[in-house]
Amino acid sequence: MLIRIAQIVTRYPRAILLAAAALAILCGVFGATAASHLKSAGFTSPDAESSQVARLLADNFDGAAPNYVLLVSSDAGADAPATRAVGLHLTDTLRARTDVKGVQSYWTAPPTVAAALRSTNGKDALVFAYLTGDDTQAQVAAGELTEQLAGTTDGITVRQSGIAAVFHDVNKQITHDLAIAEGVAIPVSLIVLIVVFGSVIAAALPLAVGIFAILTTLAILRMFTLVTDVSIYALNMTTALGLALAIDYSLFIVSRYREELANGLDPLPATIRAVQTAGRTVLYSALTVALSLAVLSIFDVYFLRSFAYAGVGVVVAAAAAAILILPAALVLLGHRVNSLDIRVPLRRMFGRPTPDPLARLKPEQSRWYRMVTWVTGHAIPVAVVLIALFLALGSPFLSVKFGYPDDRVLPTTSASRQVGDVLRAEFPAVNSGNNTTVVLDGYHGGPGPIGEYAKALSRTDGVSAVLSSAGVFIKEKRMGGGPPGMANGTGEYISIATRVDPFSPAGEAQLRELRAVSAPAPALFGGGAAINADALDSLGKRLPLAVALIALATFVVLFLFTGSLVLPLKALVLNTLSLTAAFGAMVWIFQDGHLSGLLGFTPVGYMTPHMPILMFCLAFGMSMDYEVFLLSRIREEWLASGRVVDGVTVRTAKDNVHALAVGVAKTGRIFTAAALLMAIVLGALITSKVSFIQLMGVGLTLTVLADATLIRTMLAPALMKLMGTANWWAPAPLARLHARFGLREETDPDPAEPVLAGRE
């Protein structure tokens, strides 16, 4: 199939490139507005109990859980006439909009509620509102209101927060960060590619394919927004993934093409041979990455599903660009792919001999060959030391804690983040992230039972106040009448203010105690602690299936690729080790707060549970990129080794070691360069000001670098040396299965007769 594709592409190269250019322009135009259609929520299941509570509050109680907050601050105090005038103006402006309901403010609320809406220092007061519509509509409305109402006038400052404002700020920040990340990654990648290839022309090819992948990624994201919810966090990650994979895949093919030119082939057969071999590796790598990302679709939260839908499309686009567009450029360039070699003037300047780009490689003379030979000569100590190192680096993950994200994912310069900090410090009774809400849907039993229930809830440790239609209760004492609107014909709701961090073990324990209190009707719990519990429960139920599917998909693909039962198992173990180290680093840096000053994020003492799952799927697939590339060359050397005895090819442990050393020698420089390039692209995400994106950038960069260095060049050869010829073993039934359905390269074409490349 690959040979037929290569023959078609090389027959019509100009048409292919013109079509690619037209497609890139269309994708750029169509995908230009993708960011404005993406959403910032999607961390909880729509079927979760906490999600039901949010819908009931929005539909039946005039948005009793506000999603937009205005903080009015003045040194003159919240009760100063000028401050009061501003507060009343804000309240009237919000009430005048048809897409806003449930407006409350310090200056208009009943006395029992107003006290909670003024800060402990008396200088700040709040205006609450609920913006109707879905996440996108609420974000747009929050942006419009902020533009209209926020700012400083006559010493009175108005700042915005609430989940709608936070989502708006996150979308704006991520869009800005994407431009910076690409502005860093693309020129730095070009420099590294020039160092790797020497030739500016050869270096520009992977980068051109990478830019094509970025444009198609934006179009893919925009397309999916037409049919489903897509997370804004997918924008940076899938764009970086598309760029990284396109550069990686193109690097493999260009390197193989130049190698075939050095081996004496003309450009046309060299292109076909590069697609036949490196293209095969690209296809298997893309299949593994796509399957790993597709597993995310089993989770019922669109934050993760977004990466499944868009991620698979991006991988397919990157692989297709490398296999279809790149060969067309190669066959047109021919030997000019080695043009503009910057090593020539540099070596002349220093009086050193000029390299011959067509010189035949001698792997046995390379440093990679000598290194692998040394590793295989000390296989046991190398394996023991490296396994111990990875386990030690992963040990911090044993103390991982999980929690729900809030405004602290944003930098301290963000207004919504600043207001969130003030709410946590100065408004303990109304910090909606800490509060728990109980909805008694359909309850009509009167205030008596509700009062007893609220009184019992107020006895729970860590509860500062309970607000209900029957009154406000603090430690069983009724402190006054309850706020209006907490009961109507649809039922009642109760608000529980707590001093406990809802995402801590104490918050989890408190939620269990609250749920254990006998209620006068079926009670549904919402709020931070309930959202966190629901998210952990939903993710935990599906996680074993996700891990099993990824392991099975990886095993099947590698078995079809190698015909071995042992090598897929080895790959699973090695990937798990590299991910263990990355997870440990994530906890040490982002949960425990090490390097927070350097990276500029706020540690909150826990991690969002979605991130390790996303990291696992992404990193597992990308690690297989180098596994497939390395095994493809080792397998080539293994199949070419041995001697024929009585019509049977006999291979020994010595042949295994030689295949290892030669395979790494031929690919080590390339996959190390590929890892460095991928690390540059993914590492550029660290420049983001959103801690989610920083976490993914750090975690994936560490995984890629560790995998391409310590794992592929040292631990993998050490283990393959210890396993000897058993590396290539499979039971007879599976061997027959692979002989029928597995990957087998066709006979190499005669270099003098490129047309024969398609023969079986």
# chains A, B, ... in the order shown; residues from 1 in each chain; ligands from 1

call {"tool": "residues_around", "arguments": {"residues": "Thr413 (chain A)", "least_positions_apart": "5", "cutoff": "12 Å", "atoms": "only C-alpha atoms", "output": "PDB file with C-alpha atoms, in the first residue's frame"}}
result
ATOM      1  CA  ASP A 169     -10.221  34.932  31.273  1.00  0.00           C
ATOM      2  CA  GLN A 173      -5.167  33.754  28.275  1.00  0.00           C
ATOM      3  CA  ASP A 407      -9.480  30.601  39.490  1.00  0.00           C
ATOM      4  CA  ARG A 408      -6.002  29.792  40.829  1.00  0.00           C
ATOM      5  CA  GLN A 418      -7.370  38.522  42.368  1.00  0.00           C
ATOM      6  CA  VAL A 419     -11.052  38.604  43.297  1.00  0.00           C
ATOM      7  CA  GLY A 420     -10.939  34.892  44.069  1.00  0.00           C
ATOM      8  CA  ASP A 421      -8.082  35.492  46.502  1.00  0.00           C
ATOM      9  CA  GLY A 600       5.043  31.420  38.118  1.00  0.00           C
ATOM     10  CA  PHE A 601       2.057  29.321  39.254  1.00  0.00           C
ATOM     11  CA  THR A 602       0.202  28.994  42.552  1.00  0.00           C
ATOM     12  CA  LYS A 689       0.254  31.477  32.287  1.00  0.00           C
ATOM     13  CA  VAL A 690      -2.391  28.806  32.908  1.00  0.00           C
TER      14      VAL A 690
END

call {"tool": "residues_around", "arguments": {"residues": "Ala548 (chain A)", "least_positions_apart": "5", "cutoff": "12 Å", "atoms": "only C-alpha atoms", "output": "list in words"}}
result
Ser292, Val295, Arg542, Leu543, Ala553, Thr554, Phe555, Leu572 and Cys617 of chain A

call {"tool": "atom_distance", "arguments": {"atom1": "CA of Ala270 (chain A)", "atom2": "CA of Arg258 (chain A)"}}
result
7.9 Å

call {"tool": "atom_distance", "arguments": {"atom1": "CA of Thr108 (chain A)", "atom2": "CA of Asn434 (chain A)"}}
result
23.9 Å

call {"tool": "closest_atom_pairs", "arguments": {"of": "region 14-75 of chain A", "to": "region 117-127 of chain A", "cutoff": "8 Å", "atoms": "only C-alpha atoms", "output": "Markdown table"}}
result
| residue | atom | partner | partner_atom | distance |
| --- | --- | --- | --- | --- |
| A:Val69 | CA | A:Val127 | CA | 5.8 |
| A:Leu70 | CA | A:Val127 | CA | 5.1 |
| A:Leu71 | CA | A:Leu126 | CA | 4.9 |
| A:Val72 | CA | A:Ala125 | CA | 5.3 |
| A:Ser73 | CA | A:Asp124 | CA | 4.4 |
| A:Ser74 | CA | A:Lys123 | CA | 5.5 |
| A:Asp75 | CA | A:Lys123 | CA | 5.8 |

call {"tool": "write_last_selection", "arguments": {"atoms": "C-alpha atoms", "output": "PDB file, in the first residue's frame"}}
result
ATOM      1  CA  VAL A  69     -19.276  38.229  40.843  1.00  0.00           C
ATOM      2  CA  LEU A  70     -18.313  41.896  41.011  1.00  0.00           C
ATOM      3  CA  LEU A  71     -16.072  43.039  43.839  1.00  0.00           C
ATOM      4  CA  VAL A  72     -16.407  46.725  44.717  1.00  0.00           C
ATOM      5  CA  SER A  73     -13.406  48.060  46.657  1.00  0.00           C
ATOM      6  CA  SER A  74     -12.816  51.481  48.201  1.00  0.00           C
ATOM      7  CA  ASP A  75     -10.550  52.775  50.941  1.00  0.00           C
TER       8      ASP A  75
END

call {"tool": "closest_residue", "arguments": {"among": "A:Leu700, A:Leu536, A:Ala708, A:Val517", "to": "Met586 (chain A)", "atoms": "only C-alpha atoms"}}
result
A:Leu700

call {"tool": "select_by_dssp", "arguments": {"residues": "region 478-511 of chain A", "states": "strand (DSSP E or B)", "output": "MDAnalysis selection string"}}
result
chainID A and resid 478:480 487:488 491:498

call {"tool": "write_last_selection", "arguments": {"atoms": "all heavy atoms", "output": "compact mmCIF listing (two decimals), in the first residue's frame"}}
result
# COMPACT_ATOMS: atom_id res chain seq x y z
N ARG A 478 -30.38 29.69 65.90
CA ARG A 478 -31.00 30.44 64.81
C ARG A 478 -30.66 31.91 64.98
O ARG A 478 -30.99 32.53 65.99
CB ARG A 478 -32.52 30.24 64.81
CG ARG A 478 -33.23 30.84 63.60
CD ARG A 478 -34.72 30.51 63.65
NE ARG A 478 -35.41 30.99 62.46
CZ ARG A 478 -35.88 32.23 62.31
NH1 ARG A 478 -35.73 33.11 63.29
NH2 ARG A 478 -36.50 32.57 61.20
N MET A 479 -29.98 32.48 63.95
CA MET A 479 -29.47 33.84 64.05
C MET A 479 -30.36 34.85 63.33
O MET A 479 -30.05 36.04 63.29
CB MET A 479 -28.06 33.91 63.47
CG MET A 479 -27.10 32.91 64.07
SD MET A 479 -26.95 33.03 65.87
CE MET A 479 -26.15 34.62 66.03
N GLY A 480 -31.46 34.40 62.74
CA GLY A 480 -32.34 35.31 62.03
C GLY A 480 -33.03 34.61 60.89
O GLY A 480 -32.83 33.40 60.66
N ALA A 487 -37.09 28.78 48.89
CA ALA A 487 -38.17 27.79 48.77
C ALA A 487 -39.20 28.31 47.78
O ALA A 487 -39.49 29.51 47.73
CB ALA A 487 -38.82 27.55 50.14
N ASN A 488 -39.72 27.40 46.97
CA ASN A 488 -40.79 27.76 46.03
C ASN A 488 -41.57 26.50 45.69
O ASN A 488 -41.41 25.46 46.34
CB ASN A 488 -40.23 28.45 44.78
CG ASN A 488 -39.19 27.60 44.05
OD1 ASN A 488 -39.29 26.37 44.04
ND2 ASN A 488 -38.21 28.25 43.43
N GLY A 491 -39.53 23.11 45.27
CA GLY A 491 -38.77 22.50 46.36
C GLY A 491 -38.00 23.56 47.14
O GLY A 491 -38.39 24.74 47.16
N GLU A 492 -36.91 23.13 47.78
CA GLU A 492 -36.10 24.04 48.58
C GLU A 492 -34.62 23.74 48.35
O GLU A 492 -34.25 22.65 47.92
CB GLU A 492 -36.41 23.89 50.07
CG GLU A 492 -37.85 24.16 50.44
CD GLU A 492 -37.98 24.71 51.85
OE1 GLU A 492 -36.96 25.15 52.42
OE2 GLU A 492 -39.11 24.72 52.36
N TYR A 493 -33.81 24.75 48.70
CA TYR A 493 -32.37 24.50 48.73
C TYR A 493 -31.77 25.12 49.98
O TYR A 493 -32.33 26.07 50.56
CB TYR A 493 -31.67 25.02 47.47
CG TYR A 493 -31.41 26.50 47.43
CD1 TYR A 493 -30.19 27.02 47.90
CD2 TYR A 493 -32.34 27.38 46.90
CE1 TYR A 493 -29.94 28.38 47.85
CE2 TYR A 493 -32.09 28.74 46.85
CZ TYR A 493 -30.89 29.24 47.32
OH TYR A 493 -30.64 30.59 47.27
N ILE A 494 -30.67 24.56 50.42
CA ILE A 494 -29.97 24.99 51.63
C ILE A 494 -28.52 25.24 51.26
O ILE A 494 -27.91 24.44 50.53
CB ILE A 494 -30.07 23.92 52.74
CG1 ILE A 494 -31.53 23.74 53.17
CG2 ILE A 494 -29.20 24.28 53.93
CD1 ILE A 494 -31.73 22.57 54.12
N SER A 495 -27.96 26.33 51.76
CA SER A 495 -26.56 26.66 51.51
C SER A 495 -25.76 26.49 52.79
O SER A 495 -26.13 27.02 53.84
CB SER A 495 -26.44 28.11 51.00
OG SER A 495 -25.09 28.43 50.74
N ILE A 496 -24.66 25.74 52.68
CA ILE A 496 -23.83 25.43 53.85
C ILE A 496 -22.47 26.08 53.65
O ILE A 496 -21.71 25.69 52.75
CB ILE A 496 -23.66 23.91 54.03
CG1 ILE A 496 -25.03 23.23 54.12
CG2 ILE A 496 -22.82 23.60 55.26
CD1 ILE A 496 -24.97 21.72 54.04
N ALA A 497 -22.16 27.08 54.47
CA ALA A 497 -20.85 27.73 54.43
C ALA A 497 -19.88 26.96 55.31
O ALA A 497 -20.22 26.60 56.45
CB ALA A 497 -20.96 29.18 54.90
N THR A 498 -18.69 26.70 54.79
CA THR A 498 -17.73 25.88 55.53
C THR A 498 -16.35 26.50 55.50
O THR A 498 -15.99 27.21 54.56
CB THR A 498 -17.68 24.47 54.93
OG1 THR A 498 -16.64 23.72 55.56
CG2 THR A 498 -17.41 24.50 53.44

call {"tool": "select_by_dssp", "arguments": {"residues": "region 85-160 of chain A", "states": "helix (DSSP H, G or I)", "output": "MDAnalysis selection string"}}
result
chainID A and resid 85:95 111:117 135:149

call {"tool": "atom_distance", "arguments": {"atom1": "CA of Gly683 (chain A)", "atom2": "CA of Pro411 (chain A)"}}
result
18.6 Å

call {"tool": "residues_around", "arguments": {"residues": "Asn60 (chain A)", "least_positions_apart": "5", "cutoff": "12 Å", "atoms": "only C-alpha atoms", "output": "ChimeraX atom specification"}}
result
/A:52-55,65,101-102,439-442,485-493

call {"tool": "write_last_selection", "arguments": {"atoms": "N, CA, C and O atoms", "output": "compact mmCIF listing (two decimals), in the first residue's frame"}}
result
# COMPACT_ATOMS: atom_id res chain seq x y z
N GLN A 52 -26.59 17.86 38.47
CA GLN A 52 -28.04 18.00 38.60
C GLN A 52 -28.40 19.16 39.51
O GLN A 52 -29.34 19.92 39.24
N VAL A 53 -27.64 19.30 40.61
CA VAL A 53 -27.88 20.41 41.54
C VAL A 53 -27.68 21.75 40.83
O VAL A 53 -28.49 22.67 40.99
N ALA A 54 -26.61 21.86 40.06
CA ALA A 54 -26.35 23.12 39.35
C ALA A 54 -27.50 23.45 38.39
O ALA A 54 -27.91 24.62 38.30
N ARG A 55 -28.03 22.45 37.69
CA ARG A 55 -29.13 22.70 36.77
C ARG A 55 -30.41 23.10 37.53
O ARG A 55 -31.13 24.01 37.10
N ALA A 65 -26.95 29.71 42.52
CA ALA A 65 -25.50 29.54 42.56
C ALA A 65 -24.89 30.49 41.55
O ALA A 65 -24.76 30.16 40.37
N LYS A 101 -30.00 36.87 35.86
CA LYS A 101 -31.02 36.74 36.89
C LYS A 101 -30.36 36.46 38.23
O LYS A 101 -29.16 36.21 38.31
N GLY A 102 -31.19 36.48 39.28
CA GLY A 102 -30.68 36.20 40.62
C GLY A 102 -29.68 37.22 41.11
O GLY A 102 -28.74 36.87 41.82
N VAL A 439 -30.09 20.50 47.63
CA VAL A 439 -31.38 20.74 46.99
C VAL A 439 -32.33 19.62 47.38
O VAL A 439 -32.01 18.43 47.25
N LEU A 440 -33.50 20.02 47.90
CA LEU A 440 -34.57 19.07 48.22
C LEU A 440 -35.63 19.25 47.14
O LEU A 440 -36.60 20.01 47.32
N ASP A 441 -35.44 18.59 46.02
CA ASP A 441 -36.31 18.77 44.87
C ASP A 441 -37.69 18.18 45.16
O ASP A 441 -37.82 17.02 45.57
N GLY A 442 -38.75 19.01 44.98
CA GLY A 442 -40.11 18.54 45.20
C GLY A 442 -40.57 18.57 46.64
O GLY A 442 -41.66 18.10 46.96
N GLY A 485 -36.38 33.44 48.59
CA GLY A 485 -36.20 32.67 47.37
C GLY A 485 -35.60 31.30 47.56
O GLY A 485 -35.32 30.61 46.57
N MET A 486 -35.40 30.86 48.81
CA MET A 486 -34.79 29.54 49.01
C MET A 486 -35.82 28.42 48.97
O MET A 486 -35.46 27.25 49.03
N ALA A 487 -37.09 28.78 48.89
CA ALA A 487 -38.17 27.79 48.77
C ALA A 487 -39.20 28.31 47.78
O ALA A 487 -39.49 29.51 47.73
N ASN A 488 -39.72 27.40 46.97
CA ASN A 488 -40.79 27.76 46.03
C ASN A 488 -41.57 26.50 45.69
O ASN A 488 -41.41 25.46 46.34
N GLY A 489 -42.36 26.57 44.67
CA GLY A 489 -43.20 25.44 44.31
C GLY A 489 -42.46 24.22 43.84
O GLY A 489 -43.04 23.12 43.77
N THR A 490 -41.18 24.34 43.48
CA THR A 490 -40.42 23.19 43.00
C THR A 490 -39.67 22.46 44.11
O THR A 490 -39.19 21.35 43.90
N GLY A 491 -39.53 23.11 45.27
CA GLY A 491 -38.77 22.50 46.36
C GLY A 491 -38.00 23.56 47.14
O GLY A 491 -38.39 24.74 47.16
N GLU A 492 -36.91 23.13 47.78
CA GLU A 492 -36.10 24.04 48.58
C GLU A 492 -34.62 23.74 48.35
O GLU A 492 -34.25 22.65 47.92
N TYR A 493 -33.81 24.75 48.70
CA TYR A 493 -32.37 24.50 48.73
C TYR A 493 -31.77 25.12 49.98
O TYR A 493 -32.33 26.07 50.56

call {"tool": "residues_around", "arguments": {"residues": "Asp537 (chain A)", "least_positions_apart": "5", "cutoff": "12 Å", "atoms": "only C-alpha atoms", "output": "mmCIF file with N, CA and C atoms, in the first residue's frame"}}
result
data_model
loop_
_atom_site.group_PDB
_atom_site.id
_atom_site.type_symbol
_atom_site.label_atom_id
_atom_site.label_comp_id
_atom_site.auth_asym_id
_atom_site.auth_seq_id
_atom_site.Cartn_x
_atom_site.Cartn_y
_atom_site.Cartn_z
ATOM 1 N N THR A 44 -16.774 17.753 34.877
ATOM 2 C CA THR A 44 -17.689 16.844 35.566
ATOM 3 C C THR A 44 -18.685 16.261 34.580
ATOM 4 N N SER A 45 -19.200 15.111 34.919
ATOM 5 C CA SER A 45 -20.193 14.452 34.077
ATOM 6 C C SER A 45 -21.518 15.192 34.167
ATOM 7 N N ALA A 48 -23.786 13.639 36.757
ATOM 8 C CA ALA A 48 -23.394 13.580 38.165
ATOM 9 C C ALA A 48 -24.408 14.318 39.024
ATOM 10 N N GLU A 49 -24.476 13.926 40.297
ATOM 11 C CA GLU A 49 -25.412 14.556 41.224
ATOM 12 C C GLU A 49 -25.146 16.049 41.352
ATOM 13 N N SER A 50 -23.875 16.428 41.432
ATOM 14 C CA SER A 50 -23.540 17.845 41.565
ATOM 15 C C SER A 50 -23.955 18.634 40.325
ATOM 16 N N PHE A 299 -14.490 8.393 28.708
ATOM 17 C CA PHE A 299 -14.827 9.186 29.885
ATOM 18 C C PHE A 299 -15.975 10.129 29.535
ATOM 19 N N ASP A 300 -16.891 10.321 30.483
ATOM 20 C CA ASP A 300 -18.085 11.109 30.195
ATOM 21 C C ASP A 300 -17.924 12.571 30.595
ATOM 22 N N PHE A 402 -6.134 14.880 44.970
ATOM 23 C CA PHE A 402 -6.887 15.376 43.828
ATOM 24 C C PHE A 402 -7.919 16.408 44.265
ATOM 25 N N ALA A 530 -18.734 18.218 46.637
ATOM 26 C CA ALA A 530 -19.552 17.244 45.909
ATOM 27 C C ALA A 530 -19.065 17.088 44.470
ATOM 28 N N ILE A 531 -18.689 18.206 43.834
ATOM 29 C CA ILE A 531 -18.154 18.134 42.468
ATOM 30 C C ILE A 531 -16.901 17.274 42.445
ATOM 31 N N ASN A 532 -16.021 17.491 43.423
ATOM 32 C CA ASN A 532 -14.778 16.720 43.480
ATOM 33 C C ASN A 532 -15.060 15.236 43.676
ATOM 34 N N ARG A 542 -14.060 4.387 35.222
ATOM 35 C CA ARG A 542 -13.652 4.133 33.836
ATOM 36 C C ARG A 542 -12.146 3.965 33.656
ATOM 37 N N LEU A 543 -11.379 4.339 34.674
ATOM 38 C CA LEU A 543 -9.926 4.294 34.540
ATOM 39 C C LEU A 543 -9.388 2.894 34.261
ATOM 40 N N PRO A 609 -7.740 15.636 38.947
ATOM 41 C CA PRO A 609 -7.621 14.206 38.624
ATOM 42 C C PRO A 609 -7.604 13.910 37.132
ATOM 43 N N HIS A 610 -8.094 14.834 36.320
ATOM 44 C CA HIS A 610 -8.114 14.608 34.881
ATOM 45 C C HIS A 610 -6.709 14.644 34.269
#

call {"tool": "residues_around", "arguments": {"residues": "Val29 (chain A)", "least_positions_apart": "5", "cutoff": "9 Å", "atoms": "only C-alpha atoms", "output": "ChimeraX atom specification"}}
result
/A:24,215,219

call {"tool": "write_last_selection", "arguments": {"atoms": "N, CA, C and O atoms", "output": "mmCIF file, in the first residue's frame"}}
result
data_model
loop_
_atom_site.group_PDB
_atom_site.id
_atom_site.type_symbol
_atom_site.label_atom_id
_atom_site.label_comp_id
_atom_site.auth_asym_id
_atom_site.auth_seq_id
_atom_site.Cartn_x
_atom_site.Cartn_y
_atom_site.Cartn_z
ATOM 1 N N ALA A 24 -4.270 24.061 3.027
ATOM 2 C CA ALA A 24 -3.733 24.810 4.163
ATOM 3 C C ALA A 24 -4.411 26.169 4.288
ATOM 4 O O ALA A 24 -4.751 26.612 5.396
ATOM 5 N N LEU A 215 -2.295 24.412 10.996
ATOM 6 C CA LEU A 215 -3.482 24.934 10.316
ATOM 7 C C LEU A 215 -4.596 23.895 10.266
ATOM 8 O O LEU A 215 -5.776 24.224 10.492
ATOM 9 N N ALA A 219 -8.482 23.844 12.099
ATOM 10 C CA ALA A 219 -9.697 23.509 11.344
ATOM 11 C C ALA A 219 -10.415 22.320 11.963
ATOM 12 O O ALA A 219 -11.656 22.293 12.035
#

call {"tool": "residues_around", "arguments": {"residues": "Ala213 (chain A)", "least_positions_apart": "2", "cutoff": "9 Å", "atoms": "only C-alpha atoms", "output": "list in words"}}
result
Ala24, Ala208, Val209, Gly210, Ile211, Leu215, Thr216, Thr217, Leu218, Thr239, Gly242, Leu243, Leu245, Ala246, Val314, Val315, Ala317, Ala318 and Ala321 of chain A

call {"tool": "residues_around", "arguments": {"residues": "Pro520 (chain A)", "least_positions_apart": "6", "cutoff": "8 Å", "atoms": "only C-alpha atoms", "output": "ChimeraX atom specification"}}
result
/A:445,449-450,453

call {"tool": "write_last_selection", "arguments": {"atoms": "all heavy atoms", "output": "mmCIF file, in the first residue's frame"}}
result
data_model
loop_
_atom_site.group_PDB
_atom_site.id
_atom_site.type_symbol
_atom_site.label_atom_id
_atom_site.label_comp_id
_atom_site.auth_asym_id
_atom_site.auth_seq_id
_atom_site.Cartn_x
_atom_site.Cartn_y
_atom_site.Cartn_z
ATOM 1 N N GLY A 445 -42.837 20.263 52.641
ATOM 2 C CA GLY A 445 -43.182 19.898 54.020
ATOM 3 C C GLY A 445 -43.199 21.039 55.004
ATOM 4 O O GLY A 445 -43.414 20.815 56.200
ATOM 5 N N PRO A 449 -39.605 21.013 59.476
ATOM 6 C CA PRO A 449 -38.579 19.994 59.201
ATOM 7 C C PRO A 449 -37.306 20.574 58.585
ATOM 8 O O PRO A 449 -36.207 20.101 58.872
ATOM 9 C CB PRO A 449 -39.285 19.055 58.222
ATOM 10 C CG PRO A 449 -40.739 19.240 58.493
ATOM 11 C CD PRO A 449 -40.896 20.693 58.850
ATOM 12 N N ILE A 450 -37.476 21.617 57.756
ATOM 13 C CA ILE A 450 -36.299 22.239 57.151
ATOM 14 C C ILE A 450 -35.439 22.874 58.234
ATOM 15 O O ILE A 450 -34.203 22.794 58.210
ATOM 16 C CB ILE A 450 -36.719 23.289 56.106
ATOM 17 C CG1 ILE A 450 -37.239 22.597 54.844
ATOM 18 C CG2 ILE A 450 -35.539 24.194 55.743
ATOM 19 C CD1 ILE A 450 -36.189 21.823 54.082
ATOM 20 N N TYR A 453 -33.540 20.213 60.042
ATOM 21 C CA TYR A 453 -32.473 19.687 59.180
ATOM 22 C C TYR A 453 -31.299 20.664 59.119
ATOM 23 O O TYR A 453 -30.124 20.275 59.263
ATOM 24 C CB TYR A 453 -33.036 19.428 57.784
ATOM 25 C CG TYR A 453 -32.046 18.839 56.791
ATOM 26 C CD1 TYR A 453 -31.259 17.734 57.128
ATOM 27 C CD2 TYR A 453 -31.914 19.385 55.519
ATOM 28 C CE1 TYR A 453 -30.362 17.199 56.211
ATOM 29 C CE2 TYR A 453 -31.030 18.849 54.591
ATOM 30 C CZ TYR A 453 -30.248 17.755 54.949
ATOM 31 O OH TYR A 453 -29.359 17.231 54.037
#

call {"tool": "closest_residue", "arguments": {"among": "A:Leu574, A:Val158, A:Val254, A:Ala141", "to": "Ala204 (chain A)", "atoms": "only C-alpha atoms"}}
result
A:Val254
